[in-house]
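Just upload35.tsv here, TSV, C-alpha atoms:
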chain	number	residue	atom	x	y	z
A	21	MET	CA	117.04	96.16	57.16
A	22	ILE	CA	118.37	99.65	57.85
A	23	ILE	CA	121.87	99.57	59.31
A	24	GLN	CA	122.41	101.34	62.64
A	25	GLU	CA	125.05	103.64	61.14
A	26	ALA	CA	122.41	105.12	58.83
A	27	LEU	CA	120.17	106.35	61.66
A	28	THR	CA	119.22	110.02	61.61
A	29	ILE	CA	118.50	110.17	65.32
A	30	ASN	CA	121.23	110.04	67.98
A	31	LYS	CA	121.14	106.48	69.31
A	32	ASN	CA	123.81	107.03	71.98
A	33	ARG	CA	122.07	110.08	73.43
A	34	LEU	CA	118.77	108.22	73.54
A	35	GLU	CA	120.36	105.25	75.29
A	36	GLN	CA	122.11	107.45	77.83
A	37	ARG	CA	118.88	109.21	78.77
A	38	ILE	CA	116.97	105.93	79.14
A	39	THR	CA	119.74	104.69	81.45
A	40	ILE	CA	119.74	107.86	83.58
A	41	LEU	CA	115.97	107.83	83.96
A	42	SER	CA	116.02	104.14	84.96
A	43	GLN	CA	118.00	105.07	88.09
A	44	ILE	CA	115.18	107.27	89.43
A	45	GLY	CA	112.92	105.04	91.52
A	46	LYS	CA	115.08	102.02	90.78
A	47	ILE	CA	114.10	98.70	92.39
A	48	ALA	CA	116.04	95.43	92.20
A	49	ASP	CA	118.61	95.34	89.40
A	50	THR	CA	116.49	96.54	86.49
A	51	GLY	CA	113.07	97.53	87.85
A	52	VAL	CA	111.43	100.88	88.51
A	53	CYS	CA	108.85	102.09	91.03
A	54	ARG	CA	107.94	105.65	90.03
A	55	LEU	CA	104.34	106.13	91.07
A	56	THR	CA	102.50	109.13	89.73
A	57	LEU	CA	102.90	112.38	91.68
A	58	SER	CA	105.52	110.81	93.97
A	59	ASP	CA	108.89	112.33	94.85
A	60	GLU	CA	110.49	109.95	92.33
A	61	ASP	CA	108.03	111.05	89.65
A	62	ARG	CA	108.85	114.71	90.34
A	63	GLN	CA	112.59	114.00	90.07
A	64	ALA	CA	112.06	112.21	86.77
A	65	VAL	CA	109.87	115.00	85.39
A	66	GLU	CA	112.45	117.63	86.35
A	67	THR	CA	115.20	115.56	84.73
A	68	VAL	CA	113.34	115.24	81.42
A	69	LYS	CA	112.35	118.92	81.61
A	70	SER	CA	116.05	119.84	81.78
A	71	TRP	CA	116.71	117.73	78.65
A	72	MET	CA	113.85	119.48	76.85
A	73	GLU	CA	115.35	122.85	77.65
A	74	GLU	CA	118.79	121.60	76.64
A	75	ALA	CA	117.25	120.63	73.28
A	76	GLY	CA	115.93	124.17	72.77
A	77	LEU	CA	112.30	123.60	73.71
A	78	THR	CA	110.24	125.76	76.01
A	79	ALA	CA	109.14	123.44	78.82
A	80	LYS	CA	106.57	123.58	81.60
A	81	ILE	CA	104.75	121.39	84.11
A	82	ASP	CA	101.02	122.07	84.01
A	83	ASP	CA	98.56	121.74	86.89
A	84	PHE	CA	97.66	118.15	85.97
A	85	GLY	CA	101.32	117.21	86.45
A	86	ASN	CA	101.96	116.88	82.70
A	87	LEU	CA	105.38	117.83	81.37
A	88	ILE	CA	105.12	119.67	78.05
A	89	GLY	CA	107.98	120.83	75.80
A	90	ARG	CA	107.19	122.96	72.76
A	91	LEU	CA	109.02	123.57	69.50
A	92	GLU	CA	107.51	126.51	67.68
A	93	GLY	CA	106.39	126.11	64.08
A	94	LYS	CA	106.22	128.47	61.14
A	95	ASN	CA	102.60	129.11	62.04
A	96	PRO	CA	102.36	129.28	65.85
A	97	LYS	CA	98.56	129.38	65.70
A	98	SER	CA	98.28	126.19	63.67
A	99	PRO	CA	96.93	123.06	65.43
A	100	ILE	CA	99.86	121.21	66.96
A	101	LEU	CA	101.44	117.84	66.36
A	102	MET	CA	101.75	116.22	69.80
A	103	ILE	CA	104.20	113.37	70.43
A	104	GLY	CA	104.80	111.54	73.68
A	105	SER	CA	103.75	109.02	76.29
A	106	HIS	CA	104.37	108.80	80.08
A	107	ILE	CA	107.18	108.25	82.57
A	108	ASP	CA	105.22	107.19	85.65
A	109	SER	CA	105.43	103.47	86.37
A	110	GLN	CA	103.71	100.56	88.04
A	111	PRO	CA	104.86	99.74	91.61
A	112	TYR	CA	106.72	96.71	90.21
A	113	GLY	CA	107.53	98.08	86.79
A	114	GLY	CA	110.17	98.13	84.10
A	115	ARG	CA	112.37	100.89	82.73
A	116	PHE	CA	111.01	101.10	79.16
A	117	ASP	CA	107.21	101.29	79.55
A	118	GLY	CA	106.20	104.81	78.47
A	119	VAL	CA	109.74	106.09	78.81
A	120	ILE	CA	110.85	105.26	75.27
A	121	GLY	CA	107.83	107.14	73.92
A	122	VAL	CA	108.74	110.33	75.78
A	123	LEU	CA	112.50	110.18	75.23
A	124	GLY	CA	111.99	109.00	71.65
A	125	ALA	CA	109.72	111.99	71.03
A	126	LEU	CA	112.31	114.31	72.53
A	127	GLU	CA	114.98	112.75	70.31
A	128	VAL	CA	112.75	113.35	67.25
A	129	VAL	CA	112.36	117.05	68.00
A	130	GLN	CA	115.97	117.55	69.07
A	131	THR	CA	117.11	115.99	65.79
A	132	MET	CA	114.90	118.42	63.88
A	133	LYS	CA	116.41	121.33	65.82
A	134	GLU	CA	119.95	120.15	65.10
A	135	LYS	CA	119.14	119.89	61.40
A	136	ASN	CA	117.61	123.39	61.42
A	137	ILE	CA	114.23	122.00	60.38
A	138	VAL	CA	111.39	124.40	61.22
A	139	PRO	CA	108.08	122.51	61.21
A	140	SER	CA	105.03	123.97	59.54
A	141	MET	CA	103.11	123.60	62.80
A	142	PRO	CA	104.17	123.63	66.46
A	143	ILE	CA	105.30	120.30	67.91
A	144	GLU	CA	104.78	119.47	71.57
A	145	VAL	CA	106.59	116.66	73.37
A	146	VAL	CA	104.51	115.45	76.32
A	147	ALA	CA	105.07	113.21	79.32
A	148	PHE	CA	101.52	112.71	80.53
A	149	SER	CA	100.76	112.42	84.24
A	150	ASP	CA	99.41	109.14	85.63
A	151	GLU	CA	98.90	107.03	82.55
A	152	GLU	CA	99.24	103.87	84.63
A	153	GLY	CA	96.33	104.45	87.00
A	154	CYS	CA	97.76	102.14	89.66
A	155	ARG	CA	98.02	104.66	92.52
A	156	PHE	CA	94.46	106.02	92.37
A	157	ASN	CA	92.85	103.18	90.36
A	158	LYS	CA	91.99	105.50	87.48
A	159	GLY	CA	94.47	105.99	84.65
A	160	LEU	CA	95.06	108.39	81.75
A	161	PHE	CA	94.61	111.27	84.18
A	162	GLY	CA	96.88	113.87	82.61
A	163	VAL	CA	95.78	113.30	79.01
A	164	ARG	CA	92.10	113.29	79.93
A	165	GLY	CA	92.73	116.39	82.00
A	166	ILE	CA	94.00	118.52	79.13
A	167	LEU	CA	91.01	117.39	77.06
A	168	GLY	CA	88.46	118.32	79.73
A	169	LYS	CA	87.44	114.66	80.14
A	170	LEU	CA	87.89	114.15	83.88
A	171	GLU	CA	84.98	112.63	85.76
A	172	GLU	CA	83.33	113.96	88.88
A	173	GLY	CA	85.15	113.08	92.07
A	174	GLU	CA	88.48	112.14	90.52
A	175	LEU	CA	90.42	114.52	92.73
A	176	ASN	CA	88.91	112.83	95.79
A	177	ARG	CA	90.22	109.37	94.88
A	178	THR	CA	92.67	108.08	97.47
A	179	ASP	CA	95.74	105.89	97.31
A	180	LYS	CA	96.48	103.02	99.70
A	181	ASN	CA	97.79	105.51	102.27
A	182	GLY	CA	94.63	107.62	102.19
A	183	ILE	CA	96.24	110.48	100.25
A	184	THR	CA	93.80	112.09	97.82
A	185	ARG	CA	94.79	112.91	94.27
A	186	ARG	CA	94.10	116.54	95.07
A	187	ASP	CA	96.61	116.52	97.93
A	188	ALA	CA	99.13	114.60	95.81
A	189	LEU	CA	98.85	117.25	93.08
A	190	VAL	CA	99.50	119.98	95.64
A	191	GLN	CA	102.53	118.09	97.00
A	192	PHE	CA	103.77	117.75	93.43
A	193	GLY	CA	103.64	121.53	92.99
A	194	CYS	CA	100.39	121.79	91.04
A	195	ASP	CA	97.32	123.93	91.76
A	196	PRO	CA	94.12	121.84	91.53
A	197	THR	CA	92.04	125.04	91.54
A	198	LYS	CA	93.51	126.05	88.17
A	199	LEU	CA	93.03	122.87	86.16
A	200	LYS	CA	90.86	124.57	83.55
A	201	GLU	CA	93.77	126.84	82.65
A	202	SER	CA	95.74	123.75	81.57
A	203	GLN	CA	93.02	122.44	79.25
A	204	TYR	CA	93.54	122.62	75.49
A	205	PRO	CA	90.99	124.42	73.31
A	206	VAL	CA	88.88	122.27	71.01
A	207	ASP	CA	90.60	121.54	67.66
A	208	SER	CA	93.98	122.82	68.91
A	209	ILE	CA	95.64	119.40	68.43
A	210	GLN	CA	95.93	118.13	64.87
A	211	ALA	CA	97.40	114.69	65.55
A	212	PHE	CA	99.09	112.58	68.20
A	213	LEU	CA	101.96	110.10	67.78
A	214	GLU	CA	103.06	107.61	70.43
A	215	MET	CA	105.85	105.05	70.47
A	216	HIS	CA	105.69	102.29	73.07
A	217	ILE	CA	107.10	98.87	73.80
A	218	GLU	CA	104.69	96.25	72.51
A	219	GLN	CA	104.03	94.65	75.93
A	220	GLY	CA	103.23	91.47	74.02
A	221	PRO	CA	105.01	88.64	72.18
A	222	ILE	CA	104.00	89.13	68.53
A	223	LEU	CA	106.97	91.16	67.24
A	224	GLU	CA	109.48	88.85	68.91
A	225	ASP	CA	107.66	85.83	67.51
A	226	LYS	CA	107.89	87.34	63.99
A	227	GLY	CA	111.53	88.34	64.45
A	228	LEU	CA	110.76	92.01	63.81
A	229	PRO	CA	111.93	95.06	65.77
A	230	VAL	CA	109.04	97.42	65.02
A	231	GLY	CA	105.29	97.25	64.36
A	232	ILE	CA	102.57	99.68	63.30
A	233	VAL	CA	99.52	99.72	65.57
A	234	THR	CA	96.06	99.44	64.00
A	235	GLY	CA	93.96	100.10	67.10
A	236	ILE	CA	93.62	99.84	70.88
A	237	SER	CA	91.31	97.43	72.68
A	238	GLY	CA	88.52	98.99	74.70
A	239	PRO	CA	89.08	98.59	78.46
A	240	LEU	CA	86.27	98.13	80.97
A	241	TRP	CA	87.33	98.62	84.60
A	242	LEU	CA	84.91	97.66	87.37
A	243	THR	CA	85.20	97.61	91.15
A	244	VAL	CA	83.12	94.90	92.84
A	245	GLU	CA	82.26	95.07	96.54
A	246	LEU	CA	80.78	91.98	98.18
A	247	GLU	CA	79.46	92.00	101.74
A	248	GLY	CA	78.53	89.01	103.88
A	249	PHE	CA	78.80	88.51	107.65
A	250	ALA	CA	81.87	88.03	109.83
A	251	GLY	CA	82.01	85.14	112.27
A	252	HIS	CA	84.41	82.88	114.12
A	253	ALA	CA	86.28	80.64	111.69
A	254	GLY	CA	86.16	77.77	114.15
A	255	SER	CA	82.51	77.75	115.13
A	256	VAL	CA	80.24	78.88	112.27
A	257	PRO	CA	79.08	75.80	110.29
A	258	MET	CA	79.82	75.87	106.57
A	259	PRO	CA	76.16	75.88	105.43
A	260	MET	CA	75.44	78.93	107.60
A	261	ARG	CA	78.30	81.09	106.39
A	262	LYS	CA	78.03	84.30	104.37
A	263	ASP	CA	81.67	84.35	103.24
A	264	ALA	CA	82.40	87.32	100.97
A	265	LEU	CA	85.80	85.94	99.97
A	266	VAL	CA	84.37	82.64	98.76
A	267	GLY	CA	81.95	84.66	96.62
A	268	ALA	CA	84.81	86.79	95.29
A	269	ALA	CA	86.84	83.68	94.46
A	270	LYS	CA	83.97	82.27	92.40
A	271	VAL	CA	83.55	85.59	90.55
A	272	ILE	CA	87.26	85.61	89.72
A	273	VAL	CA	87.08	82.08	88.35
A	274	ALA	CA	83.97	83.02	86.34
A	275	LEU	CA	85.77	86.02	84.81
A	276	ASN	CA	88.71	83.83	83.84
A	277	GLU	CA	86.46	81.23	82.23
A	278	LEU	CA	84.37	83.78	80.31
A	279	ALA	CA	87.43	85.62	78.98
A	280	SER	CA	88.97	82.31	77.92
A	281	GLN	CA	85.95	80.74	76.24
A	282	ASP	CA	87.11	81.70	72.72
A	283	ALA	CA	90.79	80.79	72.44
A	284	SER	CA	91.06	82.57	69.07
A	285	ALA	CA	89.83	85.93	70.45
A	286	PRO	CA	92.10	88.58	72.03
A	287	THR	CA	89.70	88.98	74.99
A	288	VAL	CA	91.46	89.31	78.37
A	289	GLY	CA	90.07	89.51	81.90
A	290	THR	CA	92.04	90.22	85.07
A	291	VAL	CA	91.54	90.77	88.79
A	292	GLY	CA	94.65	92.61	89.93
A	293	SER	CA	93.74	94.25	93.25
A	294	MET	CA	91.76	93.03	96.27
A	295	THR	CA	91.07	94.18	99.83
A	296	ILE	CA	89.60	91.95	102.55
A	297	PHE	CA	87.89	92.98	105.81
A	298	PRO	CA	88.52	92.23	108.64
A	299	ASP	CA	91.58	90.50	107.14
A	300	SER	CA	92.19	88.11	110.02
A	301	ARG	CA	93.23	84.46	109.89
A	302	ASN	CA	90.37	83.22	112.08
A	303	ILE	CA	87.48	85.49	111.03
A	304	ILE	CA	85.15	84.72	108.13
A	305	PRO	CA	85.66	87.59	105.62
A	306	GLU	CA	82.74	90.03	105.81
A	307	LYS	CA	83.68	92.47	103.04
A	308	VAL	CA	85.77	92.02	99.91
A	309	SER	CA	86.48	94.65	97.28
A	310	PHE	CA	88.29	93.78	94.05
A	311	THR	CA	88.94	95.18	90.60
A	312	ILE	CA	87.96	93.72	87.25
A	313	ASP	CA	89.81	94.60	84.04
A	314	LEU	CA	88.06	93.34	80.88
A	315	ARG	CA	89.38	94.22	77.41
A	316	ASP	CA	88.61	93.38	73.80
A	317	ILE	CA	89.08	94.92	70.36
A	318	ASP	CA	85.53	93.72	69.55
A	319	ILE	CA	83.14	95.88	71.58
A	320	GLU	CA	80.11	93.64	70.94
A	321	ARG	CA	81.96	90.61	72.28
A	322	ARG	CA	83.09	92.58	75.32
A	323	HIS	CA	79.51	93.71	75.98
A	324	ARG	CA	78.34	90.10	75.72
A	325	ILE	CA	80.96	88.86	78.19
A	326	GLU	CA	80.20	91.70	80.59
A	327	LYS	CA	76.51	90.73	80.57
A	328	GLN	CA	77.39	87.08	81.23
A	329	LEU	CA	79.72	88.12	84.06
A	330	ARG	CA	77.11	90.31	85.73
A	331	ASN	CA	74.66	87.41	85.58
A	332	ARG	CA	77.20	85.12	87.24
A	333	ILE	CA	77.91	87.69	89.94
A	334	ARG	CA	74.18	87.87	90.69
A	335	GLU	CA	73.92	84.08	90.91
A	336	ILE	CA	76.99	83.82	93.15
A	337	THR	CA	75.85	86.55	95.55
A	338	GLU	CA	72.42	84.90	95.86
A	339	GLU	CA	74.00	81.51	96.48
A	340	HIS	CA	76.14	82.85	99.34
A	341	GLN	CA	73.59	85.37	100.69
A	342	LEU	CA	75.83	88.34	99.93
A	343	THR	CA	75.08	91.90	98.94
A	344	CYS	CA	76.90	93.33	95.95
A	345	LYS	CA	77.82	96.76	94.62
A	346	ILE	CA	79.48	97.19	91.21
A	347	SER	CA	80.95	100.54	90.19
A	348	GLU	CA	82.37	101.41	86.78
A	349	ASP	CA	85.78	103.09	86.82
A	350	THR	CA	86.62	103.11	83.10
A	351	ASN	CA	84.64	102.24	79.99
A	352	SER	CA	86.20	102.85	76.59
A	353	GLU	CA	85.32	101.48	73.19
A	354	PRO	CA	88.11	100.19	70.92
A	355	ARG	CA	89.76	103.03	69.02
A	356	TYR	CA	91.36	102.64	65.60
A	357	CYS	CA	94.44	104.43	64.29
A	358	SER	CA	94.32	106.98	61.48
A	359	ASP	CA	94.60	105.36	58.05
A	360	ARG	CA	96.52	108.42	56.84
A	361	ILE	CA	99.14	108.17	59.59
A	362	MET	CA	99.40	104.40	59.23
A	363	LYS	CA	100.11	104.83	55.51
A	364	ILE	CA	102.88	107.34	56.25
A	365	MET	CA	104.38	104.92	58.77
A	366	LYS	CA	104.13	102.03	56.33
A	367	ASP	CA	105.74	104.01	53.49
A	368	GLU	CA	108.57	105.28	55.69
A	369	SER	CA	109.05	101.81	57.19
A	370	ASP	CA	109.42	100.28	53.73
A	371	GLN	CA	111.87	102.98	52.64
A	372	ILE	CA	114.29	102.18	55.44
A	373	GLY	CA	113.85	98.42	55.12
A	374	LEU	CA	111.93	97.82	58.32
A	375	ASN	CA	108.93	96.16	56.68
A	376	ALA	CA	106.96	96.68	59.89
A	377	ILE	CA	103.87	94.55	60.37
A	378	GLU	CA	100.49	95.80	61.59
A	379	LEU	CA	99.17	94.68	64.98
A	380	MET	CA	96.63	95.74	67.59
A	381	SER	CA	97.24	96.89	71.15
A	382	GLY	CA	95.66	95.07	74.08
A	383	PRO	CA	96.92	97.55	76.71
A	384	PHE	CA	95.53	101.07	76.60
A	385	HIS	CA	97.78	104.10	76.20
A	386	ASP	CA	97.53	107.89	76.32
A	387	ALA	CA	96.70	107.62	72.62
A	388	LEU	CA	93.36	106.06	73.58
A	389	ALA	CA	92.17	109.34	75.11
A	390	MET	CA	93.71	111.41	72.31
A	391	SER	CA	91.81	109.38	69.71
A	392	TYR	CA	88.59	111.15	70.69
A	393	VAL	CA	89.88	114.59	69.67
A	394	CYS	CA	92.35	114.02	66.83
A	395	ASP	CA	93.96	111.51	64.47
A	396	TYR	CA	96.49	109.26	66.14
A	397	GLY	CA	99.18	106.79	65.21
A	398	MET	CA	101.28	104.37	67.27
A	399	ILE	CA	104.55	102.53	66.81
A	400	PHE	CA	105.37	99.40	68.80
A	401	VAL	CA	108.90	98.28	69.65
A	402	ARG	CA	109.72	94.63	70.28
A	403	CYS	CA	110.21	93.61	73.92
A	404	LYS	CA	111.78	90.38	75.17
A	405	ASP	CA	109.27	87.59	75.81
A	406	GLY	CA	106.47	90.15	75.67
A	407	ILE	CA	107.14	90.99	79.34
A	408	SER	CA	105.98	94.33	80.76
A	409	HIS	CA	104.87	95.71	84.15
A	410	ASN	CA	107.77	93.71	85.52
A	411	PRO	CA	111.42	94.54	86.27
A	412	LYS	CA	112.41	91.95	83.64
A	413	GLU	CA	110.86	94.13	80.90
A	414	PHE	CA	113.51	94.66	78.19
A	415	SER	CA	113.97	96.14	74.74
A	416	THR	CA	117.32	96.56	73.00
A	417	ILE	CA	118.57	100.02	72.17
A	418	GLU	CA	118.89	98.83	68.56
A	419	ASP	CA	115.13	98.16	68.38
A	420	ILE	CA	114.27	101.34	70.28
A	421	SER	CA	116.43	103.44	67.96
A	422	LEU	CA	114.76	101.89	64.90
A	423	GLY	CA	111.35	102.71	66.34
A	424	THR	CA	112.52	106.24	67.06
A	425	GLU	CA	113.86	106.58	63.52
A	426	LEU	CA	110.43	105.62	62.16
A	427	LEU	CA	108.81	108.06	64.60
A	428	TYR	CA	111.17	110.80	63.38
A	429	ARG	CA	110.49	110.16	59.70
A	430	THR	CA	106.74	109.97	60.30
A	431	ALA	CA	106.71	113.25	62.23
A	432	LEU	CA	108.90	114.91	59.60
A	433	LYS	CA	106.48	113.91	56.87
A	434	MET	CA	103.56	115.28	58.86
A	435	VAL	CA	105.06	118.71	59.58
A	436	LYS	CA	106.38	119.48	56.10
A	437	ASP	CA	104.75	122.37	54.28
Show me, as structure tokens, the structure contained in the file I just sent.
Amino acid sequence: MIIQEALTINKNRLEQRITILSQIGKIADTGVCRLTLSDEDRQAVETVKSWMEEAGLTAKIDDFGNLIGRLEGKNPKSPILMIGSHIDSQPYGGRFDGVIGVLGALEVVQTMKEKNIVPSMPIEVVAFSDEEGCRFNKGLFGVRGILGKLEEGELNRTDKNGITRRDALVQFGCDPTKLKESQYPVDSIQAFLEMHIEQGPILEDKGLPVGIVTGISGPLWLTVELEGFAGHAGSVPMPMRKDALVGAAKVIVALNELASQDASAPTVGTVGSMTIFPDSRNIIPEKVSFTIDLRDIDIERRHRIEKQLRNRIREITEEHQLTCKISEDTNSEPRYCSDRIMKIMKDESDQIGLNAIELMSGPFHDALAMSYVCDYGMIFVRCKDGISHNPKEFSTIEDISLGTELLYRTALKMVKD
């Protein structure tokens, strides 16, 4: 194993920046609430922007809310190497999710600058806007934005307070009428690298600090709206009820059972958000809207489960005399990492004694969107108990610095003449 004293990157600087950023939007002792396009998000973006400029990069915030720092290469017109992640968080999030990928990327480029290394191509360090998708129920906004992959109506999506994404962008200082000016031309990005906490238990179980990602599971996000009929909870007989919440409960159980039917498969299904109308103790629920998150690295298996789920939803709605509307929010196939980049990571890992294992990613990342336009590679860093999207999320600075060292050596290999 590589000893910490042999690190090329500046571990102390990296740790200090992670600590400073964790204070912006801090909740409880160790948690973070830094929702996309919020005041806290803007403060965090401005803070990281100042560090980019301190490192000698030219930095800007585009009209999608992305923060982009650029180190010029020997050939400024060459397709760029992009490195980064996100710094927005879940409402009940941790301080490492996304953050180590942005600050690790900055540390990579700052180390190159300090060593007077001029890359053959430009390098851009990016903190993408709204990777999480929790505020407007549609994630990967900033990365899809620069690739021209936004869907119709995305700017009209509202948060729980009725604020549209368009208005939130304006409040953030962006101009939604100029989004096309922030898009990247086709073939202008050569490759994308992202470092992230694993958000799972495999590395800790193996006793390893770092892993090399092979691919990202394909997420399917649905919103299901069930409608029945409201009535007095004390007087409407059970056989006569059209209870939307009972129907929703049965759908949720069905999803759980279908996603769990093969214990050896990495399939996961989750309902994480629900609204109930009229939302009163003594009124039978008339309308229920809830989200479904279904993921699998095997697209055929995911398709099969989705078909089974839709059949169950139809049966349940008929049983309870409900009407149903299902809308699709996200639908991505599994995406596999570049063999070329994985080999570089493996070779560099072996050279410094990391012996990193290969593993897949269940959560999606900004790299998922980037995979459609360029080669991509990902590095995972061990996190305690596999916990993420929780204030208890934790990775040691020793593990993070080892992941950053591998990121640095991988990037260096890719930008050599």
Exercise for the section: Rank nothing, just name the residue among A:Ile236, A:Leu242, A:Ile166, A:Val271 nearest to Pro205 of chain A, using all atoms listed in the file. Expected result: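 Looking only at the distances to Pro205 of chain A, the closest residue turns out to be A:Ile166.
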Exercise for the section: Counting all atoms listed in the file, select every polymer residue within 10 Å of (75.1, 89.8, 96.2) as defined in the file's coordinates, and provide the selection as a ChimeraX atom specification. Expected result: /A:245-248,264,267,333-346
May I have the residues from that selection written out with C-alpha atoms, as an mmCIF file, keeping the file's coordinate frame?
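Saved to result37.cif:
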data_model
loop_
_atom_site.group_PDB
_atom_site.id
_atom_site.type_symbol
_atom_site.label_atom_id
_atom_site.label_comp_id
_atom_site.auth_asym_id
_atom_site.auth_seq_id
_atom_site.Cartn_x
_atom_site.Cartn_y
_atom_site.Cartn_z
ATOM 1 C CA GLU A 245 82.260 95.070 96.540
ATOM 2 C CA LEU A 246 80.780 91.980 98.180
ATOM 3 C CA GLU A 247 79.460 92.000 101.740
ATOM 4 C CA GLY A 248 78.530 89.010 103.880
ATOM 5 C CA ALA A 264 82.400 87.320 100.970
ATOM 6 C CA GLY A 267 81.950 84.660 96.620
ATOM 7 C CA ILE A 333 77.910 87.690 89.940
ATOM 8 C CA ARG A 334 74.180 87.870 90.690
ATOM 9 C CA GLU A 335 73.920 84.080 90.910
ATOM 10 C CA ILE A 336 76.990 83.820 93.150
ATOM 11 C CA THR A 337 75.850 86.550 95.550
ATOM 12 C CA GLU A 338 72.420 84.900 95.860
ATOM 13 C CA GLU A 339 74.000 81.510 96.480
ATOM 14 C CA HIS A 340 76.140 82.850 99.340
ATOM 15 C CA GLN A 341 73.590 85.370 100.690
ATOM 16 C CA LEU A 342 75.830 88.340 99.930
ATOM 17 C CA THR A 343 75.080 91.900 98.940
ATOM 18 C CA CYS A 344 76.900 93.330 95.950
ATOM 19 C CA LYS A 345 77.820 96.760 94.620
ATOM 20 C CA ILE A 346 79.480 97.190 91.210
#
Practice task
Using atom CA of Arg301 of chain A and atom CA of Lys270 of chain A as the two end points, give the distance in Å to one decimal.
Solution key: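 Answer for the atom CA of Arg301 of chain A to atom CA of Lys270 of chain A separation: 19.9 Å.
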Problem - Interatomic distance (Å, one decimal) between atom CA of Glu35 of chain A and atom CA of Ser149 of chain A - result: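 Taking atom CA of Glu35 of chain A and atom CA of Ser149 of chain A, their separation equals 22.7 Å.
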Handout entry: Residues within 8 Å of Asp82 of chain A, only C-alpha atoms, excluding chain neighbours under 3 positions, as JSON, numbers by chain
Key = {"A": [85, 86, 87, 88, 194, 202]}
Practice task
May I ask which of the residues A:Gln281, A:Asp150, A:Gln219, A:Val435 is the closest one to Leu91 of chain A, counting only C-alpha atoms?
Solution key: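 The shortest atom-to-atom distance to Leu91 of chain A comes from A:Val435.
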Problem - For atom CA of Val146 of chain A and atom CA of Gly182 of chain A, the interatomic separation in Å (one decimal) - result: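 Here the two named atoms are 28.8 Å from each other.
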Handout entry: A:Arg429, A:Arg155, A:Lys327, A:Arg115 ranked by distance to Ile372 of chain A, top pick (using only C-alpha atoms)
Key =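 So, comparing all the options, the nearest one is A:Arg429.
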Exercise for the section: With a distance cut-off of 6 Å and all atoms listed in the file, select the neighbouring residues of segment 49-53 of chain A, excluding the residue or stretch itself and same-chain residues fewer than 6 positions from it, and output the selection as a ChimeraX atom specification. Expected result: /A:109,111-115,411
Practice task
Kindly indicate which residue among A:Asp299, A:Asp207, A:Asp195, A:Asp370 lies nearest to Gly231 of chain A, using only C-alpha atoms for the distances.
Solution key: A:Asp370
Problem - Top pick for closest residue to Cys403 of chain A, considering A:Gly159, A:Gly251, A:Pro221, A:Gly382 and counting all atoms listed in the file - result: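 Of A:Gly159, A:Gly251, A:Pro221, A:Gly382, the one nearest Cys403 of chain A, counting all atoms listed in the file, is A:Pro221.
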Distance query Val244 of chain A at most 9 Å, only C-alpha atoms, self and fewer than 6 positions along chain excluded, as a PDB file with C-alpha atoms, in the coordinates of the input:
ATOM      1  CA  ALA A 268      84.810  86.790  95.290  1.00  0.00           C
ATOM      2  CA  VAL A 308      85.770  92.020  99.910  1.00  0.00           C
ATOM      3  CA  SER A 309      86.480  94.650  97.280  1.00  0.00           C
ATOM      4  CA  PHE A 310      88.290  93.780  94.050  1.00  0.00           C
ATOM      5  CA  THR A 311      88.940  95.180  90.600  1.00  0.00           C
ATOM      6  CA  ILE A 312      87.960  93.720  87.250  1.00  0.00           C
ATOM      7  CA  CYS A 344      76.900  93.330  95.950  1.00  0.00           C
ATOM      8  CA  LYS A 345      77.820  96.760  94.620  1.00  0.00           C
ATOM      9  CA  ILE A 346      79.480  97.190  91.210  1.00  0.00           C
ATOM     10  CA  SER A 347      80.950 100.540  90.190  1.00  0.00           C
ATOM     11  CA  GLU A 348      82.370 101.410  86.780  1.00  0.00           C
TER      12      GLU A 348
END
Handout entry: Contacts of segment 223-228 of chain A at 10 Å (only C-alpha atoms; same-chain gap of 4+ positions) as a list of chain:residue names
Key = A:Glu218, A:Gln219, A:Leu374, A:Asn375, A:Ala376, A:Ile377, A:Glu378, A:Leu379, A:Phe400, A:Val401, A:Arg402, A:Cys403, A:Lys404, A:Asp405, A:Gly406, A:Asp419
Handout entry: Best match for closeness to Val190 of chain A among A:Ile317, A:Leu175, A:Ile209, A:Ile417, counting all atoms listed in the file
Key =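 Using all atoms listed in the file, the shortest distance to Val190 of chain A belongs to A:Leu175.
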